[in-house]
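Source file upload-v8.cif; content: mmCIF, C-alpha atoms and all ligand atoms.
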data_query
#
loop_
_atom_site.label_atom_id
_atom_site.label_comp_id
_atom_site.auth_asym_id
_atom_site.auth_seq_id
_atom_site.Cartn_x
_atom_site.Cartn_y
_atom_site.Cartn_z
CA MET E 5 0.00 0.00 0.00
CA VAL E 6 1.27 3.45 -0.84
CA PRO E 7 0.80 5.69 2.20
CA ALA E 8 -1.67 8.48 1.61
CA GLY E 9 0.07 11.73 0.78
CA PRO E 10 -0.46 14.96 2.66
CA ALA E 11 -3.72 16.83 2.38
CA ARG E 12 -3.79 19.66 -0.12
CA VAL E 13 -1.60 22.62 0.62
CA ALA E 14 -1.01 26.00 -0.99
CA ASP E 15 -4.32 26.71 -2.63
CA PRO E 16 -4.38 29.48 -5.21
CA PRO E 17 -4.67 32.78 -3.38
CA LEU E 18 -7.24 34.06 -5.85
CA GLY E 19 -9.56 31.12 -5.83
CA PRO E 20 -11.43 28.87 -3.46
CA ARG E 21 -10.16 25.58 -2.19
CA ARG E 22 -11.79 23.11 -4.50
CA VAL E 23 -12.79 19.54 -4.10
CA THR E 24 -14.61 17.29 -6.51
CA PRO E 25 -18.15 18.63 -6.65
CA SER E 26 -20.54 16.01 -5.41
CA GLY E 27 -24.12 16.29 -6.66
CA ALA E 28 -25.47 18.11 -3.61
CA ARG E 29 -22.46 20.35 -3.21
CA SER E 30 -22.46 21.39 -6.82
CA ARG E 31 -26.23 22.08 -6.80
CA ARG E 32 -25.80 24.24 -3.71
CA ARG E 33 -22.91 26.05 -5.36
CA VAL E 34 -24.96 26.74 -8.46
CA ALA E 35 -27.87 28.07 -6.39
CA LEU E 36 -25.59 30.35 -4.39
CA ARG E 37 -23.86 31.54 -7.52
CA GLN E 38 -27.16 32.49 -9.11
CA ALA E 39 -28.18 34.34 -5.96
CA MET E 40 -24.92 36.29 -5.94
CA LEU E 41 -24.97 37.50 -9.52
CA ASP E 42 -25.24 41.24 -9.76
CA SER E 43 -27.91 42.93 -11.83
CA THR E 44 -25.89 42.77 -15.07
CA GLY E 45 -24.96 39.13 -14.56
CA HIS E 46 -21.25 40.07 -14.75
CA ARG E 47 -18.64 39.01 -12.24
CA GLY E 48 -14.92 39.55 -12.29
CA PRO E 49 -12.71 36.48 -12.42
CA TYR E 50 -12.20 34.74 -9.07
CA SER E 51 -14.44 37.23 -7.30
CA SER E 52 -16.57 34.60 -5.63
CA THR E 53 -15.42 31.62 -3.66
CA LEU E 54 -18.55 29.79 -4.75
CA MET E 55 -18.38 29.96 -8.52
CA ALA E 56 -17.46 26.84 -10.44
CA ARG E 57 -14.25 27.07 -12.40
CA VAL E 58 -14.38 26.52 -16.14
CA PHE E 59 -11.36 25.90 -18.37
CA SER E 60 -11.13 25.14 -22.08
CA GLY E 61 -8.67 25.45 -24.94
CA ILE E 62 -8.42 25.89 -28.68
CA GLN E 63 -5.48 25.35 -31.04
CA PRO E 64 -4.17 28.21 -33.17
CA THR E 65 -4.01 25.99 -36.25
CA GLY E 66 -6.31 27.77 -38.70
CA ASP E 67 -9.25 30.13 -38.98
CA MET E 68 -12.06 29.48 -36.56
CA GLN E 69 -14.69 27.29 -38.21
CA LEU E 70 -18.36 26.88 -37.41
CA GLY E 71 -17.76 23.61 -35.48
CA ASN E 72 -15.42 25.40 -33.06
CA TYR E 73 -17.98 28.10 -32.48
CA LEU E 74 -21.05 25.88 -32.07
CA GLY E 75 -19.27 23.02 -30.32
CA ALA E 76 -17.27 25.07 -27.84
CA VAL E 77 -16.79 28.83 -28.04
CA ARG E 78 -20.49 29.73 -27.88
CA SER E 79 -20.72 27.92 -24.51
CA TRP E 80 -17.62 29.75 -23.31
CA VAL E 81 -19.27 33.10 -24.00
CA GLU E 82 -22.26 32.06 -21.89
CA ASP E 83 -20.18 30.49 -19.12
CA GLN E 84 -18.04 33.57 -18.58
CA HIS E 85 -20.97 35.30 -16.88
CA VAL E 86 -21.73 32.54 -14.40
CA ALA E 87 -18.38 30.90 -13.66
CA ASP E 88 -14.68 31.65 -13.08
CA CYS E 89 -13.52 31.09 -16.62
CA LEU E 90 -10.08 30.60 -18.15
CA PHE E 91 -9.72 30.10 -21.89
CA CYS E 92 -6.42 29.11 -23.40
CA ILE E 93 -4.93 29.30 -26.89
CA VAL E 94 -2.96 26.06 -26.89
CA ASP E 95 0.03 26.93 -29.04
CA LEU E 96 2.12 24.09 -27.59
CA HIS E 97 -0.47 21.56 -28.72
CA ALA E 98 -0.26 23.04 -32.21
CA LEU E 99 3.44 22.08 -32.36
CA THR E 100 2.49 18.41 -32.58
CA GLU E 101 2.32 19.08 -36.33
CA GLU E 102 4.46 21.48 -38.38
CA GLN E 103 3.04 25.01 -38.46
CA GLY E 104 5.97 27.22 -39.46
CA PRO E 105 7.21 29.83 -36.96
CA ALA E 106 5.78 32.96 -38.62
CA VAL E 107 2.43 31.29 -39.27
CA LEU E 108 2.14 30.01 -35.71
CA ARG E 109 2.94 33.44 -34.26
CA ALA E 110 0.40 35.18 -36.49
CA ARG E 111 -2.29 32.58 -35.89
CA THR E 112 -1.88 32.74 -32.13
CA LEU E 113 -2.60 36.46 -32.08
CA ARG E 114 -5.37 35.98 -34.62
CA LYS E 115 -7.00 33.29 -32.44
CA ALA E 116 -7.10 35.73 -29.53
CA THR E 117 -8.67 38.33 -31.82
CA GLU E 118 -11.25 35.81 -33.05
CA LEU E 119 -12.18 34.73 -29.53
CA LEU E 120 -12.73 38.33 -28.46
CA ALA E 121 -14.86 38.88 -31.57
CA CYS E 122 -16.92 35.81 -30.64
CA GLY E 123 -17.78 37.57 -27.39
CA LEU E 124 -15.19 36.64 -24.78
CA ASP E 125 -14.98 39.63 -22.46
CA PRO E 126 -11.58 40.14 -20.81
CA ASP E 127 -13.29 41.96 -17.94
CA VAL E 128 -15.08 38.79 -16.89
CA CYS E 129 -12.88 35.92 -18.07
CA THR E 130 -9.18 35.15 -18.43
CA LEU E 131 -7.87 34.66 -21.97
CA PHE E 132 -4.25 33.60 -22.33
CA VAL E 133 -1.67 31.74 -24.40
CA GLN E 134 -0.51 28.35 -23.13
CA SER E 135 3.24 28.90 -23.68
CA HIS E 136 3.08 32.09 -21.59
CA VAL E 137 2.45 30.03 -18.46
CA ALA E 138 5.39 27.68 -17.89
CA SER E 139 3.50 25.53 -15.38
CA HIS E 140 1.68 23.78 -18.25
CA THR E 141 4.78 21.96 -19.49
CA GLN E 142 5.98 21.36 -15.94
CA LEU E 143 2.78 19.60 -14.91
CA ALA E 144 2.63 17.82 -18.29
CA TRP E 145 5.76 15.84 -17.33
CA LEU E 146 4.13 14.76 -14.08
CA MET E 147 1.10 13.65 -16.11
CA GLU E 148 3.35 11.68 -18.48
CA CYS E 149 4.63 9.88 -15.42
CA THR E 150 1.05 9.12 -14.37
CA ALA E 151 -0.46 7.96 -17.68
CA SER E 152 0.43 4.59 -19.14
CA PHE E 153 1.72 3.78 -22.63
CA GLY E 154 -1.30 1.54 -23.24
CA GLU E 155 -3.70 4.30 -22.31
CA LEU E 156 -2.15 6.78 -24.73
CA ARG E 157 -1.91 4.21 -27.49
CA ARG E 158 -5.67 3.72 -27.33
CA MET E 159 -6.45 7.41 -28.02
CA THR E 160 -8.41 7.51 -31.26
CA GLN E 161 -7.13 10.96 -32.20
CA PHE E 162 -3.57 9.67 -32.04
CA LYS E 163 -4.49 6.60 -34.09
CA ASP E 164 -6.25 8.72 -36.73
CA LYS E 165 -3.58 11.39 -36.99
CA SER E 166 -0.52 9.13 -36.79
CA ASP E 167 -1.92 6.48 -39.10
CA GLY E 168 0.88 4.08 -38.11
CA ARG E 169 3.63 6.45 -39.35
CA GLU E 170 7.02 6.06 -37.63
CA GLY E 171 7.92 9.69 -38.24
CA VAL E 172 5.01 11.03 -36.23
CA ARG E 173 6.05 13.46 -33.46
CA VAL E 174 6.26 12.08 -29.92
CA GLY E 175 4.29 15.16 -28.84
CA LEU E 176 1.29 13.88 -30.76
CA PHE E 177 1.41 10.75 -28.64
CA THR E 178 1.79 12.55 -25.30
CA TYR E 179 -0.62 15.36 -26.28
CA PRO E 180 -3.38 14.15 -23.91
CA CYS E 181 -0.99 14.48 -20.94
CA LEU E 182 -0.39 18.15 -21.74
CA MET E 183 -4.13 18.58 -22.12
CA ALA E 184 -4.76 16.96 -18.72
CA ALA E 185 -2.15 19.31 -17.23
CA ASP E 186 -3.91 22.33 -18.78
CA ILE E 187 -7.13 21.36 -17.08
CA LEU E 188 -5.87 20.13 -13.70
CA LEU E 189 -3.66 23.21 -13.16
CA TYR E 190 -6.71 25.36 -12.56
CA ASP E 191 -8.76 23.18 -10.19
CA THR E 192 -11.23 23.01 -13.05
CA ASP E 193 -14.79 21.87 -12.34
CA ARG E 194 -16.12 21.95 -15.91
CA VAL E 195 -14.58 21.73 -19.39
CA PRO E 196 -16.90 22.79 -22.24
CA VAL E 197 -15.75 21.05 -25.43
CA GLY E 198 -17.01 19.47 -28.63
CA ASP E 199 -17.69 15.76 -28.88
CA ASP E 200 -14.29 14.92 -30.41
CA GLN E 201 -12.61 15.67 -27.06
CA ARG E 202 -14.63 13.10 -25.09
CA GLN E 203 -11.85 10.52 -24.83
CA HIS E 204 -9.20 13.09 -23.86
CA LEU E 205 -11.45 14.39 -21.09
CA GLU E 206 -12.05 10.87 -19.82
CA LEU E 207 -8.28 10.41 -19.60
CA ALA E 208 -7.82 13.71 -17.73
CA ARG E 209 -10.38 12.52 -15.18
CA ASP E 210 -8.70 9.11 -14.85
CA LEU E 211 -5.30 10.74 -14.30
CA ALA E 212 -6.69 13.06 -11.62
CA VAL E 213 -8.35 10.17 -9.79
CA ARG E 214 -5.22 7.99 -10.05
CA TRP E 215 -2.97 10.78 -8.80
CA ASN E 216 -5.28 11.63 -5.90
CA SER E 217 -5.41 8.02 -4.78
CA ARG E 218 -1.61 7.65 -4.98
CA TYR E 219 -0.49 10.95 -3.50
CA GLY E 220 -3.46 12.36 -1.63
CA ASP E 221 -6.14 14.84 -2.63
CA THR E 222 -4.36 17.19 -5.05
CA PHE E 223 -6.54 17.76 -8.10
CA THR E 224 -10.18 18.55 -8.70
CA VAL E 225 -11.67 15.86 -10.95
CA PRO E 226 -13.07 17.78 -13.94
CA GLU E 227 -16.32 17.15 -15.74
CA ALA E 228 -16.68 17.43 -19.52
CA VAL E 229 -19.64 19.44 -20.81
CA PHE E 230 -20.96 19.05 -24.37
CA PRO E 231 -23.60 21.22 -26.03
CA LYS E 232 -26.96 19.52 -26.67
CA THR E 233 -26.90 20.57 -30.33
CA GLY E 234 -23.79 21.37 -32.36
CA ALA E 235 -21.40 19.11 -30.42
CA ARG E 236 -20.28 17.54 -33.70
CA VAL E 237 -20.70 19.77 -36.76
CA MET E 238 -20.00 17.73 -39.88
CA ASP E 239 -18.14 18.66 -43.08
CA LEU E 240 -20.58 19.99 -45.71
CA GLN E 241 -18.92 17.98 -48.49
CA ASP E 242 -18.32 14.83 -46.45
CA PRO E 243 -20.99 14.68 -43.74
CA THR E 244 -19.54 11.53 -42.21
CA SER E 245 -16.39 13.48 -41.13
CA LYS E 246 -16.35 16.33 -38.63
CA MET E 247 -15.81 19.87 -39.86
CA SER E 248 -12.20 20.81 -39.14
CA LYS E 249 -10.10 23.94 -39.55
CA SER E 250 -7.04 21.98 -40.63
CA ARG E 251 -8.53 19.02 -42.53
CA GLY E 252 -11.08 18.59 -45.34
CA THR E 253 -11.69 21.05 -48.18
CA PRO E 254 -12.59 24.76 -47.90
CA GLN E 255 -15.96 23.90 -49.54
CA GLY E 256 -16.80 21.59 -46.67
CA ARG E 257 -16.00 24.11 -43.96
CA ILE E 258 -17.66 27.37 -42.94
CA ASP E 259 -15.28 29.86 -41.43
CA VAL E 260 -16.88 31.99 -38.75
CA PHE E 261 -15.58 35.25 -40.23
CA GLU E 262 -16.11 34.38 -43.87
CA ASP E 263 -18.20 36.66 -46.09
CA PRO E 264 -21.94 35.94 -46.25
CA ALA E 265 -21.97 35.18 -49.99
CA ALA E 266 -19.39 32.42 -49.54
CA ILE E 267 -21.31 30.95 -46.58
CA THR E 268 -24.51 30.87 -48.62
CA ARG E 269 -22.77 29.28 -51.58
CA LYS E 270 -21.26 26.53 -49.43
CA VAL E 271 -24.54 25.68 -47.73
CA MET E 272 -26.42 25.62 -51.04
CA ARG E 273 -23.81 23.19 -52.43
CA ALA E 274 -23.72 20.99 -49.32
CA VAL E 275 -23.89 17.26 -50.04
CA THR E 276 -27.31 15.84 -49.23
CA ASP E 277 -28.53 12.27 -49.16
CA ALA E 278 -30.42 9.84 -51.36
CA GLY E 279 -34.21 10.19 -51.16
CA ALA E 280 -36.00 13.52 -51.00
CA ASP E 281 -37.57 13.44 -47.55
CA VAL E 282 -36.39 15.82 -44.84
CA ARG E 283 -35.96 14.04 -41.52
CA TYR E 284 -33.44 13.99 -38.70
CA ASP E 285 -31.61 10.68 -38.91
CA PRO E 286 -27.81 11.14 -38.63
CA ALA E 287 -27.04 7.49 -39.51
CA ALA E 288 -29.23 7.20 -42.60
CA LYS E 289 -29.25 10.86 -43.69
CA PRO E 290 -26.00 12.47 -42.46
CA GLY E 291 -26.04 15.42 -44.88
CA VAL E 292 -29.60 16.54 -44.21
CA SER E 293 -29.26 15.86 -40.48
CA ASN E 294 -26.18 18.11 -40.34
CA LEU E 295 -28.12 20.94 -42.01
CA LEU E 296 -31.02 20.41 -39.60
CA GLU E 297 -28.61 20.62 -36.65
CA LEU E 298 -27.11 23.83 -37.99
CA LEU E 299 -30.51 25.40 -38.54
CA ALA E 300 -31.69 24.26 -35.10
CA VAL E 301 -28.68 25.60 -33.28
CA ALA E 302 -28.78 28.92 -35.16
CA THR E 303 -32.47 29.40 -34.36
CA GLY E 304 -32.51 27.96 -30.83
CA SER E 305 -34.66 24.97 -31.79
CA THR E 306 -34.13 21.22 -32.08
CA PRO E 307 -33.29 19.29 -35.29
CA THR E 308 -36.41 17.16 -35.05
CA ALA E 309 -38.65 20.20 -34.56
CA VAL E 310 -37.19 22.11 -37.54
CA ALA E 311 -37.40 19.01 -39.76
CA GLY E 312 -41.20 19.21 -39.54
CA ASP E 313 -41.16 22.57 -41.38
CA TYR E 314 -39.52 21.25 -44.57
CA HIS E 315 -40.44 18.97 -47.45
CA GLN E 316 -37.62 19.88 -49.84
CA TYR E 317 -33.86 20.10 -49.56
CA GLY E 318 -33.76 23.44 -51.43
CA ALA E 319 -35.85 25.35 -48.90
CA LEU E 320 -33.96 23.77 -46.01
CA LYS E 321 -30.67 24.92 -47.50
CA THR E 322 -31.88 28.47 -48.18
CA ASP E 323 -33.12 28.90 -44.61
CA THR E 324 -30.07 27.26 -43.06
CA ALA E 325 -27.74 29.56 -45.00
CA ALA E 326 -29.74 32.64 -43.96
CA ALA E 327 -29.79 31.58 -40.29
CA ILE E 328 -26.03 30.99 -40.21
CA VAL E 329 -25.30 34.30 -41.92
CA GLU E 330 -27.49 36.11 -39.39
CA LEU E 331 -25.90 34.31 -36.44
CA LEU E 332 -22.38 35.19 -37.54
CA ALA E 333 -22.92 38.77 -38.77
CA PRO E 334 -22.21 40.54 -35.44
CA LEU E 335 -19.05 38.47 -34.94
CA ARG E 336 -17.80 39.50 -38.35
CA GLU E 337 -18.32 43.16 -37.53
CA ARG E 338 -16.43 42.87 -34.27
CA VAL E 339 -13.46 41.07 -35.78
CA ALA E 340 -12.97 43.88 -38.26
CA GLU E 341 -12.80 46.39 -35.37
CA LEU E 342 -10.41 44.25 -33.32
CA ASP E 343 -8.14 43.60 -36.29
CA GLY E 344 -7.46 47.31 -36.27
CA ASP E 345 -6.29 47.21 -32.64
CA PRO E 346 -3.63 44.49 -32.14
CA GLY E 347 -2.22 46.46 -29.18
CA PHE E 348 -5.43 45.82 -27.27
CA VAL E 349 -5.30 42.08 -28.03
CA HIS E 350 -1.67 41.91 -26.83
CA GLU E 351 -2.69 43.66 -23.61
CA VAL E 352 -5.54 41.21 -23.02
CA ILE E 353 -3.33 38.13 -23.34
CA ALA E 354 -0.55 39.66 -21.23
CA LYS E 355 -3.00 40.34 -18.41
CA GLY E 356 -4.51 36.89 -18.92
CA ALA E 357 -1.14 35.17 -18.57
CA ALA E 358 -0.41 36.99 -15.33
CA THR E 359 -3.75 35.97 -13.81
CA ALA E 360 -3.48 32.37 -15.04
CA ALA E 361 0.12 31.99 -13.82
CA THR E 362 -0.81 32.91 -10.25
CA VAL E 363 -3.37 30.12 -10.05
CA ALA E 364 -1.30 27.59 -12.02
CA GLU E 365 1.89 28.06 -10.00
CA ALA E 366 0.11 27.38 -6.73
CA VAL E 367 -1.50 24.20 -8.03
CA LEU E 368 1.76 23.05 -9.64
CA SER E 369 3.65 23.47 -6.39
CA ARG E 370 0.90 21.54 -4.58
CA ALA E 371 1.40 18.68 -7.06
CA GLN E 372 5.21 18.82 -6.88
CA ARG E 373 5.12 18.53 -3.11
CA ALA E 374 2.54 15.75 -3.18
CA VAL E 375 4.64 13.58 -5.51
CA GLY E 376 7.79 14.07 -3.43
CA LEU E 377 9.87 16.63 -5.31
CA LEU E 378 12.17 18.33 -2.82
CA GLU E 379 11.43 22.01 -2.33
CA ARG E 380 14.16 24.39 -3.39
P1 LIG F 1 -9.60 22.60 -31.99
O1 LIG F 1 -9.82 23.45 -33.17
O2 LIG F 1 -9.34 21.16 -32.36
O3 LIG F 1 -8.61 23.16 -31.05
O4 LIG F 1 -10.98 22.56 -31.22
C1 LIG F 1 -11.43 23.59 -30.34
C2 LIG F 1 -12.79 23.21 -29.79
O5 LIG F 1 -13.75 23.13 -30.85
C3 LIG F 1 -12.81 21.84 -29.10
O6 LIG F 1 -13.65 21.92 -27.95
C4 LIG F 1 -13.43 20.93 -30.12
O7 LIG F 1 -14.10 19.83 -29.56
C5 LIG F 1 -14.41 21.86 -30.81
N1 LIG F 1 -14.68 21.43 -32.20
C6 LIG F 1 -13.77 21.33 -33.21
N2 LIG F 1 -14.36 20.90 -34.35
C7 LIG F 1 -15.67 20.71 -34.04
C8 LIG F 1 -16.81 20.26 -34.80
N3 LIG F 1 -16.71 19.93 -36.09
N4 LIG F 1 -18.00 20.21 -34.16
C9 LIG F 1 -18.12 20.55 -32.87
N5 LIG F 1 -17.09 20.97 -32.09
C10 LIG F 1 -15.88 21.04 -32.67
N1 LIG F 2 -7.22 19.11 -27.52
C1 LIG F 2 -8.13 20.19 -27.70
C2 LIG F 2 -8.57 20.26 -29.18
O1 LIG F 2 -7.86 19.86 -30.05
C3 LIG F 2 -7.56 21.53 -27.31
C4 LIG F 2 -7.20 21.56 -25.86
C5 LIG F 2 -5.93 21.55 -25.33
C6 LIG F 2 -8.11 21.62 -24.77
N2 LIG F 2 -6.00 21.63 -23.97
C7 LIG F 2 -7.30 21.66 -23.60
C8 LIG F 2 -9.50 21.65 -24.66
C9 LIG F 2 -7.88 21.70 -22.33
C10 LIG F 2 -10.06 21.67 -23.39
C11 LIG F 2 -9.26 21.70 -22.23
O2 LIG F 2 -9.61 20.76 -29.43
#
What would the structure in this file look like if it were written as structure tokens?
Ligand code: AMP
Ligand code: TRP
Amino acid sequence: MVPAGPARVADPPLGPRRVTPSGARSRRRVALRQAMLDSTGHRGPYSSTLMARVFSGIQPTGDMQLGNYLGAVRSWVEDQHVADCLFCIVDLHALTEEQGPAVLRARTLRKATELLACGLDPDVCTLFVQSHVASHTQLAWLMECTASFGELRRMTQFKDKSDGREGVRVGLFTYPCLMAADILLYDTDRVPVGDDQRQHLELARDLAVRWNSRYGDTFTVPEAVFPKTGARVMDLQDPTSKMSKSRGTPQGRIDVFEDPAAITRKVMRAVTDAGADVRYDPAAKPGVSNLLELLAVATGSTPTAVAGDYHQYGALKTDTAAAIVELLAPLRERVAELDGDPGFVHEVIAKGAATAATVAEAVLSRAQRAVGLLER
């Protein structure tokens, strides 16, 4: 038997001491949080000891596409008003595949700009760049020494992306350990992500539980949160593959900041299925079901409910295109403004890194002590 490690020490000075939320505790927390919201619904980061902490990340690997927005970022914008939120541009994760130095640098700043245009408000959430907080790579090593080879080998994203190639980067293999570190460093309660991250989140939870049982209560065990609709937006040209900013063709992908005419053209040319009936059946009718999901999410309805309004593919496409254009129009306006003010975006991420580092360093040192690293 491994002796139980010490109880948690050195909690982040800006945040509450966190333990795994049990059902009752988390319901009580939510009720208290609601009661404490001010009239505008805004709260500064870490201002309440009762708010749940939310963390999520996005890679700076290409322009933001509709799947990113509907699967993840839209939830982040809502969460920032009711939780202590940290959102991270994971530039280190992007290095698992070649980006090119100048491209990576430009895309990292652009991703921050895009996230602000989507509605992240630096007055109520923390937006930062992963490589600006050194604790991420430091905790990642401890996670690599917690995860097993077999566990990482089973990750479907690794299997898909490596495709058995010997030359694949080791970072692609250990990627989920860095991701677990990202999450556990912030005593995260909830992680809003798209469906493709399900397995990585399961691993992060397993690692937290394993660590806590070996070395004593150190990490909060995070919960993954997926949107009801839009958790897996499919490629318009290949509706059996997910829409991706780095894979597939430009015709299959809608970029969030793309011009309305291009969006309309892509939706009108989306691949549909055999048979002319409009019904929500992702297995039998993936193309039509994807359009129904997009229309539902853009209009705040459900795919099955919107399906009842259509008898022809043409009308469904016209209305889906119009709804997406309308949903994205304000974001497009804001990105144009922010593009003209890179100084502001730099300021936001500098402030974000400082806030994030304070929390991360405290949790990292808690973990280092728990595992037996001698203090300096
Ligand atoms: P990534 O671009 O891979 O860094 O993904 C950032 C976030 O967007 C993650 O939470 C993903 O799960 C989510 N996401 C990416 N593509 C899609 C998609 N096609 N549908 C829904 N969510 C997605
Ligand atoms: N792996 C995630 C993706 O590709 C990005 C990511 C990195 C992330 N670290 C994270 C998401 C932590 C949520 C929490 O989409």
Between chain E and ligand LIG 1 (chain F), at 7 Å or less, what are the per-residue closest atom pairs and their distances in Å? Count all atoms listed in the file, order by chain and rising residue number, and return it as a tab-separated table.
residue	atom	partner	partner_atom	distance
E:Gly61	CA	F:LIG1	C1	6.3
E:Ile62	CA	F:LIG1	O3	3.6
E:Gln63	CA	F:LIG1	O3	3.8
E:Gly71	CA	F:LIG1	C8	3.5
E:Asn72	CA	F:LIG1	O5	3.6
E:Tyr73	CA	F:LIG1	O5	6.7
E:Leu74	CA	F:LIG1	C9	6.1
E:Gly75	CA	F:LIG1	N5	3.5
E:Ala76	CA	F:LIG1	O6	4.8
E:Pro196	CA	F:LIG1	O6	6.6
E:Val197	CA	F:LIG1	O6	3.4
E:Gly198	CA	F:LIG1	O7	3.1
E:Asp199	CA	F:LIG1	O7	5.5
E:Asp200	CA	F:LIG1	O7	5.0
E:Gln201	CA	F:LIG1	O7	5.1
E:Gly234	CA	F:LIG1	C9	5.8
E:Ala235	CA	F:LIG1	C9	4.3
E:Arg236	CA	F:LIG1	N4	3.5
E:Val237	CA	F:LIG1	N4	3.8
E:Met238	CA	F:LIG1	N3	5.5
E:Lys246	CA	F:LIG1	N3	4.4
E:Met247	CA	F:LIG1	N3	3.9
E:Ser248	CA	F:LIG1	N2	5.3
E:Lys249	CA	F:LIG1	O1	6.4
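Note that the spacing between CA of Thr100 (chain E) and CA of Thr112 (chain E) amounts to 15.0 Å.
Closest to His136 (chain E) among E:Val172, E:Val375, E:Val94, E:Val213 is E:Val94, based on all atoms listed in the file.
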Given only C-alpha atoms as the basis, pick out the residue of E:Asp193, E:Met159, E:Asn294, E:Arg209 nearest to Leu54 (chain E).
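For Leu54 (chain E), the nearest of the candidates is E:Asp193.
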Mind running chain E against ligand LIG 2 (chain F) at 10 Å and telling me each contacting residue's nearest atom pair with the distance in Å (one decimal), counting all atoms listed in the file, chain and number ascending, as a Markdown table?
| residue | atom | partner | partner_atom | distance |
| --- | --- | --- | --- | --- |
| E:Val58 | CA | F:LIG2 | C11 | 9.3 |
| E:Phe59 | CA | F:LIG2 | C11 | 6.1 |
| E:Ser60 | CA | F:LIG2 | C10 | 3.9 |
| E:Gly61 | CA | F:LIG2 | C6 | 3.9 |
| E:Ile62 | CA | F:LIG2 | C3 | 4.7 |
| E:Gln63 | CA | F:LIG2 | C3 | 5.7 |
| E:Pro64 | CA | F:LIG2 | C3 | 9.5 |
| E:Thr65 | CA | F:LIG2 | O1 | 9.5 |
| E:Asn72 | CA | F:LIG2 | O2 | 8.3 |
| E:Gly75 | CA | F:LIG2 | O2 | 10.0 |
| E:Ala76 | CA | F:LIG2 | O2 | 8.9 |
| E:Leu90 | CA | F:LIG2 | C11 | 9.8 |
| E:Phe91 | CA | F:LIG2 | C11 | 8.4 |
| E:Cys92 | CA | F:LIG2 | C7 | 7.5 |
| E:Ile93 | CA | F:LIG2 | C5 | 8.0 |
| E:Val94 | CA | F:LIG2 | C5 | 5.6 |
| E:Asp95 | CA | F:LIG2 | C5 | 8.8 |
| E:Leu96 | CA | F:LIG2 | C5 | 8.7 |
| E:His97 | CA | F:LIG2 | C5 | 6.4 |
| E:Ala98 | CA | F:LIG2 | O1 | 8.5 |
| E:Gln134 | CA | F:LIG2 | N2 | 8.7 |
| E:His140 | CA | F:LIG2 | N2 | 9.8 |
| E:Gln161 | CA | F:LIG2 | O1 | 9.2 |
| E:Tyr179 | CA | F:LIG2 | N1 | 7.7 |
| E:Pro180 | CA | F:LIG2 | N1 | 7.2 |
| E:Cys181 | CA | F:LIG2 | N2 | 9.2 |
| E:Leu182 | CA | F:LIG2 | N2 | 7.0 |
| E:Met183 | CA | F:LIG2 | N2 | 4.0 |
| E:Ala184 | CA | F:LIG2 | C9 | 6.7 |
| E:Ala185 | CA | F:LIG2 | C9 | 8.0 |
| E:Asp186 | CA | F:LIG2 | C9 | 5.4 |
| E:Ile187 | CA | F:LIG2 | C9 | 5.3 |
| E:Leu188 | CA | F:LIG2 | C9 | 9.0 |
| E:Thr192 | CA | F:LIG2 | C11 | 9.5 |
| E:Arg194 | CA | F:LIG2 | C11 | 9.3 |
| E:Val195 | CA | F:LIG2 | C11 | 6.0 |
| E:Pro196 | CA | F:LIG2 | C10 | 7.0 |
| E:Val197 | CA | F:LIG2 | C10 | 6.1 |
| E:Gly198 | CA | F:LIG2 | O2 | 7.6 |
| E:Asp199 | CA | F:LIG2 | O2 | 9.5 |
| E:Asp200 | CA | F:LIG2 | O2 | 7.5 |
| E:Gln201 | CA | F:LIG2 | O2 | 6.4 |
| E:Arg202 | CA | F:LIG2 | N1 | 9.8 |
| E:His204 | CA | F:LIG2 | N1 | 7.3 |
| E:Leu205 | CA | F:LIG2 | C11 | 7.7 |
| E:Ala208 | CA | F:LIG2 | C9 | 9.2 |
| E:Pro226 | CA | F:LIG2 | C11 | 9.9 |
| E:Ala228 | CA | F:LIG2 | C10 | 8.8 |
CA of Leu156 (chain E) to CA of Phe177 (chain E), distance in Å rounded to a single decimal
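We find that CA of Leu156 (chain E) and CA of Phe177 (chain E) lie 6.6 Å from each other.
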Shortest interatomic distance to Pro334 (chain E) - which of E:Cys89, E:Ala212, E:Ala121, E:Met147, counting only C-alpha atoms:
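Going through E:Cys89, E:Ala212, E:Ala121, E:Met147 one by one, the smallest distance to Pro334 (chain E) is for E:Ala121.
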Nearest-residue call for Val271 (chain E), choices E:Ala326, E:Pro231, E:Ala300, E:Glu82, using all atoms listed in the file:
E:Ala326
Excluding same-chain residues fewer than 4 positions from Gly312 (chain E), what lies within 9 Å of it counting only C-alpha atoms, as a compact mmCIF listing (two decimals) with C-alpha atoms, in the frame of the given file?
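Generated output (part01.txt):
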# COMPACT_ATOMS: atom_id res chain seq x y z
CA VAL E 282 -36.39 15.82 -44.84
CA ARG E 283 -35.96 14.04 -41.52
CA PRO E 307 -33.29 19.29 -35.29
CA THR E 308 -36.41 17.16 -35.05
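The shortest atom-to-atom distance to Pro126 (chain E), with all atoms listed in the file taken into account, belongs to E:Gln84 out of E:Arg338, E:Phe261, E:Gln316, E:Gln84.
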Separation of CA of Arg158 (chain E) and CA of Leu99 (chain E), in Å?
21.1 Å
